[in-house]
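Source file: my_file-v4.txt; contents: compact mmCIF, C-alpha atoms (C1' of nucleotides).
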# COMPACT_ATOMS: atom_id res chain seq x y z
CA MET A 1 101.22 26.15 57.07
CA PHE A 2 101.90 29.79 57.73
CA VAL A 3 105.04 29.26 59.75
CA VAL A 4 108.25 27.84 58.48
CA LEU A 5 111.09 27.25 60.88
CA HIS A 6 114.58 27.32 59.49
CA PRO A 7 116.70 25.47 62.00
CA ASP A 8 118.66 27.84 64.19
CA HIS A 9 120.56 26.17 66.93
CA ARG A 10 121.51 29.41 68.61
CA ASN A 11 117.98 29.92 69.79
CA PRO A 12 115.61 27.50 71.49
CA LEU A 13 112.76 26.11 69.48
CA TYR A 14 109.98 27.95 71.28
CA LEU A 15 111.68 31.30 70.70
CA GLN A 16 112.07 30.59 67.02
CA LEU A 17 108.41 29.78 66.92
CA VAL A 18 107.52 32.99 68.75
CA ALA A 19 109.50 34.99 66.23
CA ALA A 20 107.97 33.17 63.30
CA ILE A 21 104.41 33.70 64.49
CA ARG A 22 105.04 37.32 65.41
CA GLY A 23 106.45 37.82 61.96
CA ALA A 24 103.44 36.19 60.35
CA ILE A 25 101.16 38.53 62.26
CA VAL A 26 103.16 41.64 61.46
CA ARG A 27 103.26 40.67 57.81
CA GLY A 28 99.53 40.17 57.86
CA ASP A 29 99.59 36.48 57.06
CA VAL A 30 97.23 36.12 59.98
CA THR A 31 94.91 39.00 60.64
CA PRO A 32 93.49 40.24 63.94
CA GLY A 33 90.53 38.18 65.04
CA GLU A 34 91.80 35.15 63.19
CA ARG A 35 92.54 31.95 65.01
CA LEU A 36 95.91 30.23 65.13
CA PRO A 37 96.07 26.47 64.67
CA ALA A 38 95.42 24.35 67.72
CA ALA A 39 98.63 23.80 69.62
CA ARG A 40 98.56 20.06 69.09
CA ASP A 41 97.94 20.41 65.39
CA LEU A 42 100.67 22.95 64.84
CA ALA A 43 103.01 20.87 66.95
CA GLU A 44 102.37 17.81 64.87
CA SER A 45 102.69 19.64 61.58
CA LEU A 46 106.01 21.07 62.73
CA GLY A 47 107.25 17.85 64.22
CA MET A 48 107.51 19.23 67.70
CA ASN A 49 105.81 18.76 71.02
CA MET A 50 102.56 20.35 72.08
CA HIS A 51 104.22 21.96 75.11
CA THR A 52 106.73 23.73 72.96
CA VAL A 53 103.98 25.32 70.90
CA LEU A 54 101.94 26.12 73.98
CA ARG A 55 104.93 27.80 75.53
CA ALA A 56 105.32 29.99 72.48
CA TYR A 57 101.61 30.75 72.50
CA ARG A 58 101.73 31.65 76.18
CA MET A 59 104.63 34.02 75.62
CA LEU A 60 102.78 35.73 72.79
CA ALA A 61 99.73 35.95 75.03
CA ASP A 62 101.83 37.59 77.75
CA GLU A 63 102.92 40.15 75.20
CA GLY A 64 99.33 40.78 74.26
CA VAL A 65 99.79 39.67 70.67
CA ILE A 66 97.26 36.89 70.94
CA GLU A 67 94.52 35.89 73.31
CA LEU A 68 94.68 32.42 74.69
CA ARG A 69 91.57 30.83 76.05
CA ARG A 70 90.62 27.37 77.08
CA GLY A 71 88.47 25.56 74.61
CA ARG A 72 88.65 28.42 72.15
CA GLY A 73 92.20 28.50 71.01
CA ALA A 74 94.66 31.26 70.21
CA VAL A 75 93.17 34.32 68.56
CA VAL A 76 95.17 37.25 67.22
CA THR A 77 94.34 40.34 69.24
CA ARG A 78 92.47 43.16 67.60
CA ARG A 79 93.98 46.44 68.67
CA PRO A 80 92.61 49.54 66.96
CA GLU A 81 94.89 52.10 68.52
CA GLY A 82 98.12 50.24 68.98
CA ARG A 83 100.44 53.16 68.79
CA ALA A 84 98.52 55.07 71.41
CA GLN A 85 99.16 52.29 73.87
CA VAL A 86 102.85 52.33 73.18
CA GLU A 87 102.94 56.10 73.55
CA ALA A 88 101.13 55.88 76.87
CA ALA A 89 103.63 53.33 78.10
CA ALA A 90 106.50 55.52 76.96
CA ARG A 91 105.06 58.50 78.77
CA GLU A 92 104.62 56.51 81.94
CA LEU A 93 108.18 55.28 81.77
CA ALA A 94 109.47 58.79 81.19
CA ASP A 95 107.51 60.13 84.14
CA LEU A 96 108.69 57.40 86.46
CA ALA A 97 112.29 57.88 85.42
CA ARG A 98 112.02 61.60 85.98
CA ALA A 99 110.51 61.03 89.38
CA HIS A 100 113.56 58.99 90.32
CA GLY A 101 115.97 61.45 88.86
CA MET A 102 117.34 59.11 86.27
CA ALA A 103 119.30 60.51 83.37
CA ARG A 104 117.91 60.18 79.88
CA GLU A 105 120.77 58.04 78.70
CA GLU A 106 120.25 55.74 81.64
CA VAL A 107 116.64 55.14 80.70
CA LEU A 108 117.50 54.56 77.08
CA ALA A 109 120.13 52.02 78.09
CA LEU A 110 117.60 50.35 80.34
CA LEU A 111 115.10 50.10 77.54
CA ALA A 112 117.68 48.71 75.18
CA ASP A 113 118.31 45.94 77.69
CA GLU A 114 114.66 45.01 77.69
CA SER A 115 114.17 45.21 73.98
CA PRO A 116 115.92 42.23 72.42
CA GLY A 117 114.07 39.45 74.17
CA ARG A 118 114.23 37.27 77.19
CA SER A 119 117.63 35.71 77.09
CA ARG A 120 118.89 35.29 80.56
CA MET B 121 111.98 25.06 104.57
CA PHE B 122 111.08 28.71 104.25
CA VAL B 123 107.91 28.15 102.31
CA VAL B 124 104.85 26.41 103.57
CA LEU B 125 102.01 25.81 101.19
CA HIS B 126 98.57 25.50 102.65
CA PRO B 127 96.59 23.64 100.05
CA ASP B 128 94.35 25.99 98.14
CA HIS B 129 92.59 24.37 95.29
CA ARG B 130 91.26 27.63 93.93
CA ASN B 131 94.70 28.57 92.72
CA PRO B 132 97.18 26.48 90.76
CA LEU B 133 100.19 25.17 92.59
CA TYR B 134 102.77 27.27 90.82
CA LEU B 135 100.88 30.47 91.64
CA GLN B 136 100.66 29.52 95.29
CA LEU B 137 104.38 28.96 95.22
CA VAL B 138 105.00 32.33 93.59
CA ALA B 139 102.95 34.03 96.26
CA ALA B 140 104.70 32.11 99.03
CA ILE B 141 108.17 32.98 97.80
CA ARG B 142 107.28 36.60 97.16
CA GLY B 143 105.93 36.75 100.68
CA ALA B 144 109.09 35.20 102.06
CA ILE B 145 111.15 37.84 100.29
CA VAL B 146 108.96 40.70 101.45
CA ARG B 147 109.07 39.44 105.03
CA GLY B 148 112.83 39.22 104.82
CA ASP B 149 113.04 35.48 105.30
CA VAL B 150 115.29 35.54 102.29
CA THR B 151 117.38 38.64 101.80
CA PRO B 152 118.56 40.22 98.56
CA GLY B 153 121.64 38.49 97.25
CA GLU B 154 120.67 35.25 98.90
CA ARG B 155 120.12 32.15 96.86
CA LEU B 156 116.89 30.21 96.74
CA PRO B 157 116.99 26.43 96.97
CA ALA B 158 117.69 24.54 93.78
CA ALA B 159 114.44 24.02 91.95
CA ARG B 160 114.72 20.28 92.09
CA ASP B 161 115.52 20.29 95.81
CA LEU B 162 112.65 22.59 96.67
CA ALA B 163 110.37 20.49 94.52
CA GLU B 164 111.29 17.36 96.39
CA SER B 165 110.99 18.95 99.81
CA LEU B 166 107.55 20.23 98.87
CA GLY B 167 106.48 17.01 97.24
CA MET B 168 105.97 18.59 93.89
CA ASN B 169 107.54 18.42 90.47
CA MET B 170 110.64 20.26 89.32
CA HIS B 171 108.76 21.86 86.47
CA THR B 172 106.23 23.40 88.77
CA VAL B 173 108.94 25.05 90.85
CA LEU B 174 110.82 26.15 87.75
CA ARG B 175 107.70 27.73 86.40
CA ALA B 176 107.25 29.71 89.60
CA TYR B 177 110.90 30.73 89.52
CA ARG B 178 110.59 31.84 85.92
CA MET B 179 107.57 33.95 86.71
CA LEU B 180 109.39 35.63 89.59
CA ALA B 181 112.34 36.22 87.31
CA ASP B 182 110.07 37.86 84.75
CA GLU B 183 108.84 40.16 87.49
CA GLY B 184 112.41 41.00 88.36
CA VAL B 185 112.13 39.68 91.90
CA ILE B 186 114.84 37.11 91.40
CA GLU B 187 117.58 36.45 88.93
CA LEU B 188 117.63 33.06 87.34
CA ARG B 189 120.77 31.85 85.66
CA ARG B 190 121.78 28.50 84.43
CA GLY B 191 124.25 26.74 86.64
CA ARG B 192 124.04 29.42 89.28
CA GLY B 193 120.58 29.19 90.69
CA ALA B 194 117.89 31.63 91.72
CA VAL B 195 119.21 34.69 93.50
CA VAL B 196 117.03 37.35 95.08
CA THR B 197 117.56 40.62 93.25
CA ARG B 198 119.24 43.37 95.18
CA ARG B 199 118.06 46.64 93.83
CA PRO B 200 116.71 49.90 95.10
CA GLU B 201 112.95 50.01 95.01
CA GLY B 202 112.74 52.88 92.58
CA ARG B 203 114.92 51.39 89.93
CA ALA B 204 112.87 48.21 89.94
CA GLN B 205 109.77 50.25 89.19
CA VAL B 206 111.44 51.99 86.31
CA GLU B 207 112.66 48.69 84.99
CA ALA B 208 109.18 47.29 85.16
CA ALA B 209 107.89 50.23 83.15
CA ALA B 210 110.68 49.79 80.64
CA ARG B 211 109.87 46.12 80.31
CA GLU B 212 106.23 46.89 79.75
CA LEU B 213 107.03 49.41 77.07
CA ALA B 214 109.40 47.02 75.37
CA ASP B 215 106.78 44.27 75.41
CA LEU B 216 104.12 46.56 74.03
CA ALA B 217 106.34 47.80 71.28
CA ARG B 218 107.31 44.27 70.36
CA ALA B 219 103.67 43.28 70.34
CA HIS B 220 103.04 45.95 67.74
CA GLY B 221 106.04 45.06 65.70
CA MET B 222 107.67 48.42 66.21
CA ALA B 223 111.33 48.76 65.46
CA ARG B 224 113.64 49.43 68.37
CA GLU B 225 114.81 52.74 66.99
CA GLU B 226 111.24 53.84 66.65
CA VAL B 227 110.57 53.21 70.31
CA LEU B 228 113.77 54.93 71.36
CA ALA B 229 112.79 57.98 69.34
CA LEU B 230 109.36 57.95 70.90
CA LEU B 231 110.82 57.77 74.36
CA ALA B 232 113.30 60.50 73.65
CA ASP B 233 110.39 62.82 73.01
CA GLU B 234 108.99 62.09 76.42
CA SER B 235 112.22 61.80 78.33
CA PRO B 236 113.69 63.99 81.01
CA GLY B 237 116.14 66.61 79.97
CA ARG B 238 113.85 68.16 77.48
CA SER B 239 111.90 71.30 78.00
CA ARG B 240 108.20 71.13 77.33
C1' DA C 241 144.02 24.96 81.74
C1' DC C 242 141.15 21.00 82.93
C1' DC C 243 137.91 18.45 84.90
C1' DT C 244 133.77 17.65 87.62
C1' DA C 245 129.69 18.48 90.18
C1' DT C 246 125.90 21.52 90.42
C1' DT C 247 121.91 23.71 88.57
C1' DT C 248 118.97 25.65 85.39
C1' DG C 249 117.17 25.24 80.29
C1' DT C 250 114.88 22.84 76.94
C1' DC C 251 112.27 19.22 75.00
C1' DC C 252 109.74 15.22 74.89
C1' DG C 253 105.99 12.27 76.74
C1' DT C 254 101.58 11.29 79.40
C1' DA C 255 97.55 12.12 82.13
C1' DT C 256 93.86 14.73 83.97
C1' DG C 257 91.29 18.99 84.69
C1' DT C 258 88.26 22.69 82.93
C1' DA C 259 86.35 26.49 80.25
C1' DT C 260 84.24 27.14 75.60
C1' DG C 261 81.04 26.53 72.06
C1' DC D 262 75.83 16.38 76.72
C1' DC D 263 79.79 16.39 73.95
C1' DA D 264 83.85 17.56 71.30
C1' DT D 265 87.49 20.91 71.29
C1' DA D 266 91.55 23.02 73.09
C1' DC D 267 94.12 25.17 76.46
C1' DA D 268 95.85 24.59 81.70
C1' DT D 269 98.12 22.20 84.99
C1' DA D 270 101.05 18.72 86.83
C1' DC D 271 103.68 14.82 86.72
C1' DG D 272 107.89 12.22 84.87
C1' DG D 273 112.37 11.54 82.25
C1' DA D 274 116.44 12.77 79.36
C1' DC D 275 120.04 15.46 77.67
C1' DA D 276 122.19 20.12 76.86
C1' DA D 277 124.54 24.16 78.57
C1' DA D 278 126.34 27.53 81.83
C1' DT D 279 128.51 28.18 86.21
C1' DA D 280 131.47 27.49 90.04
C1' DG D 281 135.01 25.18 92.47
C1' DG D 282 138.87 22.21 92.97

Please re-express this file's structure in structure tokens.
Amino acid sequence: MFVVLHPDHRNPLYLQLVAAIRGAIVRGDVTPGERLPAARDLAESLGMNMHTVLRAYRMLADEGVIELRRGRGAVVTRRPEGRAQVEAAARELADLARAHGMAREEVLALLADESPGRSR
Amino acid sequence: MFVVLHPDHRNPLYLQLVAAIRGAIVRGDVTPGERLPAARDLAESLGMNMHTVLRAYRMLADEGVIELRRGRGAVVTRRPEGRAQVEAAARELADLARAHGMAREEVLALLADESPGRSR
DNA sequence: ACCTATTTGTCCGTATGTATG
DNA sequence: CCATACATACGGACAAATAGG
């Protein structure tokens, strides 16, 4: 299988799985347009529950990394102009911040808070 | 209870709950800083499962409408309107960047180019 | 400093629904 | 029509953070 989970008890299972899959995609182990294993299959092969895998899949889908559709499975998103999207988002953020008179450092700090992940 | 769900089978339960709670907050039925009922309590009083309520809570937390912390409960976020918008934009940018596997420093550099305090 | 109750977090399990191919 | 695979919802158990006494 293309994901190997080295036990890390500091992070929940589904987050480890998210990281592993994201890594596999970034490394090119799975290419855009390719399908990920069915949640149940991956769950079984990893010795975990279907829900745990589905939760990871859903999070990746929220991020736009994969597309999740009923009956079809999880497909890695094809994005031709990825960087352009990020730049557009950055510009929008900058504009908004300026509109509210926020200092540059403040925005950078804000972004840093959002970057690591979703620990709460 | 402050939420009443009129059965709507076109939308899943947890989405109806999200809408109901968001509405309650907008209407001022629950004010910023106030705590929402414990997920399990609300679930019981609405005749639904804990997980369904927790899922709604988690979605609201992702939107930044409430803060969800273990052992403390779900507290309505108190925050000026503008800052919430900026935070949403920052979150979106962070998600996008993560989706593309961009390093944090890379994003920060990108944003710095677009940020206030720089003459164009 | 300690203990306890509260409350969310995670994970497992099961069942049924529903879009896709 | 049928198999596949995610979507939703229910239930239970234990872990972990928080708050209060």

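For the atom pair formed by atom CA of A:Glu67 and atom CA of B:Glu207, the distance is 25.1 Å, given to one decimal.
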
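With the cut-off set to 9 Å and only C-alpha atoms (C1' of nucleotides) counted, chain C residues close to chain B are DT246, DT247, DT248 and DG249 of chain C.
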
Counting only C-alpha atoms, chain A residues within 10 Å of chain B, as an NGL selection string: :A and (22-23 or 25-27 or 60-66 or 77 or 79 or 82-83 or 85-105 or 107-120)

Output C-alpha atoms for every residue in that selection, as a short mmCIF file (atom, residue, chain, number, x, y, z; two decimals), in the frame of the given file.
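Wrote it out as result_8.cif, contents follow:
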data_model
loop_
_atom_site.label_atom_id
_atom_site.label_comp_id
_atom_site.auth_asym_id
_atom_site.auth_seq_id
_atom_site.Cartn_x
_atom_site.Cartn_y
_atom_site.Cartn_z
CA ARG A 22 105.04 37.32 65.41
CA GLY A 23 106.45 37.82 61.96
CA ILE A 25 101.16 38.53 62.26
CA VAL A 26 103.16 41.64 61.46
CA ARG A 27 103.26 40.67 57.81
CA LEU A 60 102.78 35.73 72.79
CA ALA A 61 99.73 35.95 75.03
CA ASP A 62 101.83 37.59 77.75
CA GLU A 63 102.92 40.15 75.20
CA GLY A 64 99.33 40.78 74.26
CA VAL A 65 99.79 39.67 70.67
CA ILE A 66 97.26 36.89 70.94
CA THR A 77 94.34 40.34 69.24
CA ARG A 79 93.98 46.44 68.67
CA GLY A 82 98.12 50.24 68.98
CA ARG A 83 100.44 53.16 68.79
CA GLN A 85 99.16 52.29 73.87
CA VAL A 86 102.85 52.33 73.18
CA GLU A 87 102.94 56.10 73.55
CA ALA A 88 101.13 55.88 76.87
CA ALA A 89 103.63 53.33 78.10
CA ALA A 90 106.50 55.52 76.96
CA ARG A 91 105.06 58.50 78.77
CA GLU A 92 104.62 56.51 81.94
CA LEU A 93 108.18 55.28 81.77
CA ALA A 94 109.47 58.79 81.19
CA ASP A 95 107.51 60.13 84.14
CA LEU A 96 108.69 57.40 86.46
CA ALA A 97 112.29 57.88 85.42
CA ARG A 98 112.02 61.60 85.98
CA ALA A 99 110.51 61.03 89.38
CA HIS A 100 113.56 58.99 90.32
CA GLY A 101 115.97 61.45 88.86
CA MET A 102 117.34 59.11 86.27
CA ALA A 103 119.30 60.51 83.37
CA ARG A 104 117.91 60.18 79.88
CA GLU A 105 120.77 58.04 78.70
CA VAL A 107 116.64 55.14 80.70
CA LEU A 108 117.50 54.56 77.08
CA ALA A 109 120.13 52.02 78.09
CA LEU A 110 117.60 50.35 80.34
CA LEU A 111 115.10 50.10 77.54
CA ALA A 112 117.68 48.71 75.18
CA ASP A 113 118.31 45.94 77.69
CA GLU A 114 114.66 45.01 77.69
CA SER A 115 114.17 45.21 73.98
CA PRO A 116 115.92 42.23 72.42
CA GLY A 117 114.07 39.45 74.17
CA ARG A 118 114.23 37.27 77.19
CA SER A 119 117.63 35.71 77.09
CA ARG A 120 118.89 35.29 80.56
#

What are the residues of chain B lining chain D at 12 Å or less? Count all atoms listed in the file, and put the answer as a PDB file with C-alpha atoms, in the coordinates of the input.
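Here's the written file out-v8.pdb:
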ATOM      1  CA  HIS B 129      92.590  24.370  95.290  1.00  0.00           C
ATOM      2  CA  ASN B 131      94.700  28.570  92.720  1.00  0.00           C
ATOM      3  CA  PRO B 132      97.180  26.480  90.760  1.00  0.00           C
ATOM      4  CA  LEU B 133     100.190  25.170  92.590  1.00  0.00           C
ATOM      5  CA  TYR B 134     102.770  27.270  90.820  1.00  0.00           C
ATOM      6  CA  LEU B 135     100.880  30.470  91.640  1.00  0.00           C
ATOM      7  CA  ALA B 163     110.370  20.490  94.520  1.00  0.00           C
ATOM      8  CA  GLY B 167     106.480  17.010  97.240  1.00  0.00           C
ATOM      9  CA  MET B 168     105.970  18.590  93.890  1.00  0.00           C
ATOM     10  CA  ASN B 169     107.540  18.420  90.470  1.00  0.00           C
ATOM     11  CA  MET B 170     110.640  20.260  89.320  1.00  0.00           C
ATOM     12  CA  HIS B 171     108.760  21.860  86.470  1.00  0.00           C
ATOM     13  CA  THR B 172     106.230  23.400  88.770  1.00  0.00           C
ATOM     14  CA  VAL B 173     108.940  25.050  90.850  1.00  0.00           C
ATOM     15  CA  ARG B 175     107.700  27.730  86.400  1.00  0.00           C
ATOM     16  CA  LEU B 188     117.630  33.060  87.340  1.00  0.00           C
ATOM     17  CA  ARG B 189     120.770  31.850  85.660  1.00  0.00           C
ATOM     18  CA  ARG B 190     121.780  28.500  84.430  1.00  0.00           C
ATOM     19  CA  GLY B 191     124.250  26.740  86.640  1.00  0.00           C
ATOM     20  CA  ARG B 192     124.040  29.420  89.280  1.00  0.00           C
ATOM     21  CA  GLY B 193     120.580  29.190  90.690  1.00  0.00           C
TER      22      GLY B 193
END

Please return the superposed copy of chain B as a PDB file with C-alpha atoms, in the coordinates of the input; the fit should be least squares onto chain A across all sequentially paired Cα atoms.
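Result file is superposed31.pdb:
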ATOM      1  CA  MET B 121      97.560  23.466  58.963  1.00  0.00           C
ATOM      2  CA  PHE B 122      99.047  26.881  58.358  1.00  0.00           C
ATOM      3  CA  VAL B 123     102.489  26.020  59.598  1.00  0.00           C
ATOM      4  CA  VAL B 124     104.826  23.554  58.037  1.00  0.00           C
ATOM      5  CA  LEU B 125     108.060  22.785  59.780  1.00  0.00           C
ATOM      6  CA  HIS B 126     110.923  21.603  57.665  1.00  0.00           C
ATOM      7  CA  PRO B 127     113.204  19.810  60.057  1.00  0.00           C
ATOM      8  CA  ASP B 128     116.185  21.946  60.917  1.00  0.00           C
ATOM      9  CA  HIS B 129     118.357  20.466  63.551  1.00  0.00           C
ATOM     10  CA  ARG B 130     120.464  23.576  63.916  1.00  0.00           C
ATOM     11  CA  ASN B 131     117.632  25.331  65.671  1.00  0.00           C
ATOM     12  CA  PRO B 132     115.456  24.077  68.509  1.00  0.00           C
ATOM     13  CA  LEU B 133     111.916  23.110  67.699  1.00  0.00           C
ATOM     14  CA  TYR B 134     110.222  25.909  69.568  1.00  0.00           C
ATOM     15  CA  LEU B 135     112.293  28.525  67.738  1.00  0.00           C
ATOM     16  CA  GLN B 136     111.422  27.012  64.387  1.00  0.00           C
ATOM     17  CA  LEU B 137     107.805  27.195  65.407  1.00  0.00           C
ATOM     18  CA  VAL B 138     108.136  30.828  66.452  1.00  0.00           C
ATOM     19  CA  ALA B 139     109.660  31.679  63.110  1.00  0.00           C
ATOM     20  CA  ALA B 140     106.989  29.737  61.234  1.00  0.00           C
ATOM     21  CA  ILE B 141     104.123  31.433  63.028  1.00  0.00           C
ATOM     22  CA  ARG B 142     105.678  34.869  62.737  1.00  0.00           C
ATOM     23  CA  GLY B 143     106.083  34.224  59.042  1.00  0.00           C
ATOM     24  CA  ALA B 144     102.480  33.121  58.742  1.00  0.00           C
ATOM     25  CA  ILE B 145     101.363  36.344  60.388  1.00  0.00           C
ATOM     26  CA  VAL B 146     103.583  38.521  58.231  1.00  0.00           C
ATOM     27  CA  ARG B 147     102.368  36.781  55.082  1.00  0.00           C
ATOM     28  CA  GLY B 148      98.799  37.323  56.179  1.00  0.00           C
ATOM     29  CA  ASP B 149      97.917  33.664  56.492  1.00  0.00           C
ATOM     30  CA  VAL B 150      96.552  34.609  59.864  1.00  0.00           C
ATOM     31  CA  THR B 151      95.146  38.090  60.207  1.00  0.00           C
ATOM     32  CA  PRO B 152      95.090  40.338  63.262  1.00  0.00           C
ATOM     33  CA  GLY B 153      92.228  39.450  65.546  1.00  0.00           C
ATOM     34  CA  GLU B 154      92.245  35.873  64.378  1.00  0.00           C
ATOM     35  CA  ARG B 155      92.832  33.068  66.799  1.00  0.00           C
ATOM     36  CA  LEU B 156      95.657  30.584  66.555  1.00  0.00           C
ATOM     37  CA  PRO B 157      94.938  26.903  67.089  1.00  0.00           C
ATOM     38  CA  ALA B 158      94.808  25.686  70.659  1.00  0.00           C
ATOM     39  CA  ALA B 159      98.304  24.832  71.768  1.00  0.00           C
ATOM     40  CA  ARG B 160      97.442  21.238  72.421  1.00  0.00           C
ATOM     41  CA  ASP B 161      95.723  20.841  69.050  1.00  0.00           C
ATOM     42  CA  LEU B 162      98.585  22.390  67.133  1.00  0.00           C
ATOM     43  CA  ALA B 163     101.001  20.239  69.073  1.00  0.00           C
ATOM     44  CA  GLU B 164      99.174  17.099  68.102  1.00  0.00           C
ATOM     45  CA  SER B 165      98.818  18.068  64.462  1.00  0.00           C
ATOM     46  CA  LEU B 166     102.535  18.789  64.331  1.00  0.00           C
ATOM     47  CA  GLY B 167     103.495  15.707  66.266  1.00  0.00           C
ATOM     48  CA  MET B 168     105.080  17.645  69.043  1.00  0.00           C
ATOM     49  CA  ASN B 169     104.436  18.298  72.696  1.00  0.00           C
ATOM     50  CA  MET B 170     102.047  20.851  74.142  1.00  0.00           C
ATOM     51  CA  HIS B 171     104.815  22.471  76.126  1.00  0.00           C
ATOM     52  CA  THR B 172     106.868  23.131  73.059  1.00  0.00           C
ATOM     53  CA  VAL B 173     103.992  24.939  71.370  1.00  0.00           C
ATOM     54  CA  LEU B 174     103.160  26.834  74.543  1.00  0.00           C
ATOM     55  CA  ARG B 175     106.722  27.970  74.818  1.00  0.00           C
ATOM     56  CA  ALA B 176     106.623  29.321  71.278  1.00  0.00           C
ATOM     57  CA  TYR B 177     103.312  31.024  71.986  1.00  0.00           C
ATOM     58  CA  ARG B 178     104.700  32.583  75.137  1.00  0.00           C
ATOM     59  CA  MET B 179     107.695  33.929  73.290  1.00  0.00           C
ATOM     60  CA  LEU B 180     105.467  35.475  70.629  1.00  0.00           C
ATOM     61  CA  ALA B 181     103.326  36.958  73.361  1.00  0.00           C
ATOM     62  CA  ASP B 182     106.397  38.497  74.972  1.00  0.00           C
ATOM     63  CA  GLU B 183     107.210  40.078  71.633  1.00  0.00           C
ATOM     64  CA  GLY B 184     103.703  41.448  71.451  1.00  0.00           C
ATOM     65  CA  VAL B 185     102.862  39.581  68.263  1.00  0.00           C
ATOM     66  CA  ILE B 186     100.019  37.685  69.853  1.00  0.00           C
ATOM     67  CA  GLU B 187      97.941  37.944  72.960  1.00  0.00           C
ATOM     68  CA  LEU B 188      97.796  34.906  75.145  1.00  0.00           C
ATOM     69  CA  ARG B 189      95.050  34.590  77.695  1.00  0.00           C
ATOM     70  CA  ARG B 190      93.902  31.721  79.746  1.00  0.00           C
ATOM     71  CA  GLY B 191      90.712  30.157  78.538  1.00  0.00           C
ATOM     72  CA  ARG B 192      90.633  32.317  75.452  1.00  0.00           C
ATOM     73  CA  GLY B 193      93.539  31.216  73.365  1.00  0.00           C
ATOM     74  CA  ALA B 194      96.207  32.910  71.299  1.00  0.00           C
ATOM     75  CA  VAL B 195      94.945  35.863  69.309  1.00  0.00           C
ATOM     76  CA  VAL B 196      97.017  37.785  66.791  1.00  0.00           C
ATOM     77  CA  THR B 197      97.471  41.333  68.026  1.00  0.00           C
ATOM     78  CA  ARG B 198      95.781  44.032  66.034  1.00  0.00           C
ATOM     79  CA  ARG B 199      97.743  47.180  66.422  1.00  0.00           C
ATOM     80  CA  PRO B 200      99.192  49.890  64.273  1.00  0.00           C
ATOM     81  CA  GLU B 201     102.822  49.287  63.484  1.00  0.00           C
ATOM     82  CA  GLY B 202     104.076  52.396  65.201  1.00  0.00           C
ATOM     83  CA  ARG B 203     102.454  51.769  68.513  1.00  0.00           C
ATOM     84  CA  ALA B 204     103.934  48.290  68.653  1.00  0.00           C
ATOM     85  CA  GLN B 205     107.391  49.785  68.270  1.00  0.00           C
ATOM     86  CA  VAL B 206     106.798  52.227  71.062  1.00  0.00           C
ATOM     87  CA  GLU B 207     105.480  49.461  73.237  1.00  0.00           C
ATOM     88  CA  ALA B 208     108.550  47.408  72.555  1.00  0.00           C
ATOM     89  CA  ALA B 209     110.738  50.314  73.613  1.00  0.00           C
ATOM     90  CA  ALA B 210     108.654  50.802  76.727  1.00  0.00           C
ATOM     91  CA  ARG B 211     108.964  47.137  77.568  1.00  0.00           C
ATOM     92  CA  GLU B 212     112.699  47.268  77.127  1.00  0.00           C
ATOM     93  CA  LEU B 213     113.001  50.269  79.379  1.00  0.00           C
ATOM     94  CA  ALA B 214     110.819  48.664  82.002  1.00  0.00           C
ATOM     95  CA  ASP B 215     112.899  45.487  81.901  1.00  0.00           C
ATOM     96  CA  LEU B 216     116.136  47.404  82.171  1.00  0.00           C
ATOM     97  CA  ALA B 217     114.910  49.448  85.060  1.00  0.00           C
ATOM     98  CA  ARG B 218     113.693  46.350  86.841  1.00  0.00           C
ATOM     99  CA  ALA B 219     117.025  44.693  86.225  1.00  0.00           C
ATOM    100  CA  HIS B 220     118.695  47.553  88.047  1.00  0.00           C
ATOM    101  CA  GLY B 221     116.223  47.574  90.848  1.00  0.00           C
ATOM    102  CA  MET B 222     115.037  51.069  90.082  1.00  0.00           C
ATOM    103  CA  ALA B 223     111.787  52.215  91.563  1.00  0.00           C
ATOM    104  CA  ARG B 224     108.933  52.871  89.180  1.00  0.00           C
ATOM    105  CA  GLU B 225     108.665  56.514  90.123  1.00  0.00           C
ATOM    106  CA  GLU B 226     112.325  56.945  89.424  1.00  0.00           C
ATOM    107  CA  VAL B 227     111.929  55.654  85.901  1.00  0.00           C
ATOM    108  CA  LEU B 228     108.861  57.779  85.292  1.00  0.00           C
ATOM    109  CA  ALA B 229     110.772  60.852  86.408  1.00  0.00           C
ATOM    110  CA  LEU B 230     113.640  59.928  84.146  1.00  0.00           C
ATOM    111  CA  LEU B 231     111.329  59.513  81.210  1.00  0.00           C
ATOM    112  CA  ALA B 232     109.552  62.745  81.923  1.00  0.00           C
ATOM    113  CA  ASP B 233     112.841  64.531  81.425  1.00  0.00           C
ATOM    114  CA  GLU B 234     113.191  63.040  77.993  1.00  0.00           C
ATOM    115  CA  SER B 235     109.573  63.092  76.959  1.00  0.00           C
ATOM    116  CA  PRO B 236     107.807  65.095  74.312  1.00  0.00           C
ATOM    117  CA  GLY B 237     106.127  68.263  75.354  1.00  0.00           C
ATOM    118  CA  ARG B 238     109.185  69.701  76.911  1.00  0.00           C
ATOM    119  CA  SER B 239     111.382  72.293  75.365  1.00  0.00           C
ATOM    120  CA  ARG B 240     115.062  71.517  75.197  1.00  0.00           C
TER     121      ARG B 240
END

Within-6 Å shell of (92.9, 32.7, 67.3) in input frame, only C-alpha atoms (C1' of nucleotides), as a list in words: Glu34, Arg35, Leu36, Gly73, Ala74, Val75 and Val76 of chain A

Using C-alpha atoms, can you export the residues from the last selection as a compact mmCIF listing (two decimals), keeping the file's coordinate frame?
# COMPACT_ATOMS: atom_id res chain seq x y z
CA GLU A 34 91.80 35.15 63.19
CA ARG A 35 92.54 31.95 65.01
CA LEU A 36 95.91 30.23 65.13
CA GLY A 73 92.20 28.50 71.01
CA ALA A 74 94.66 31.26 70.21
CA VAL A 75 93.17 34.32 68.56
CA VAL A 76 95.17 37.25 67.22
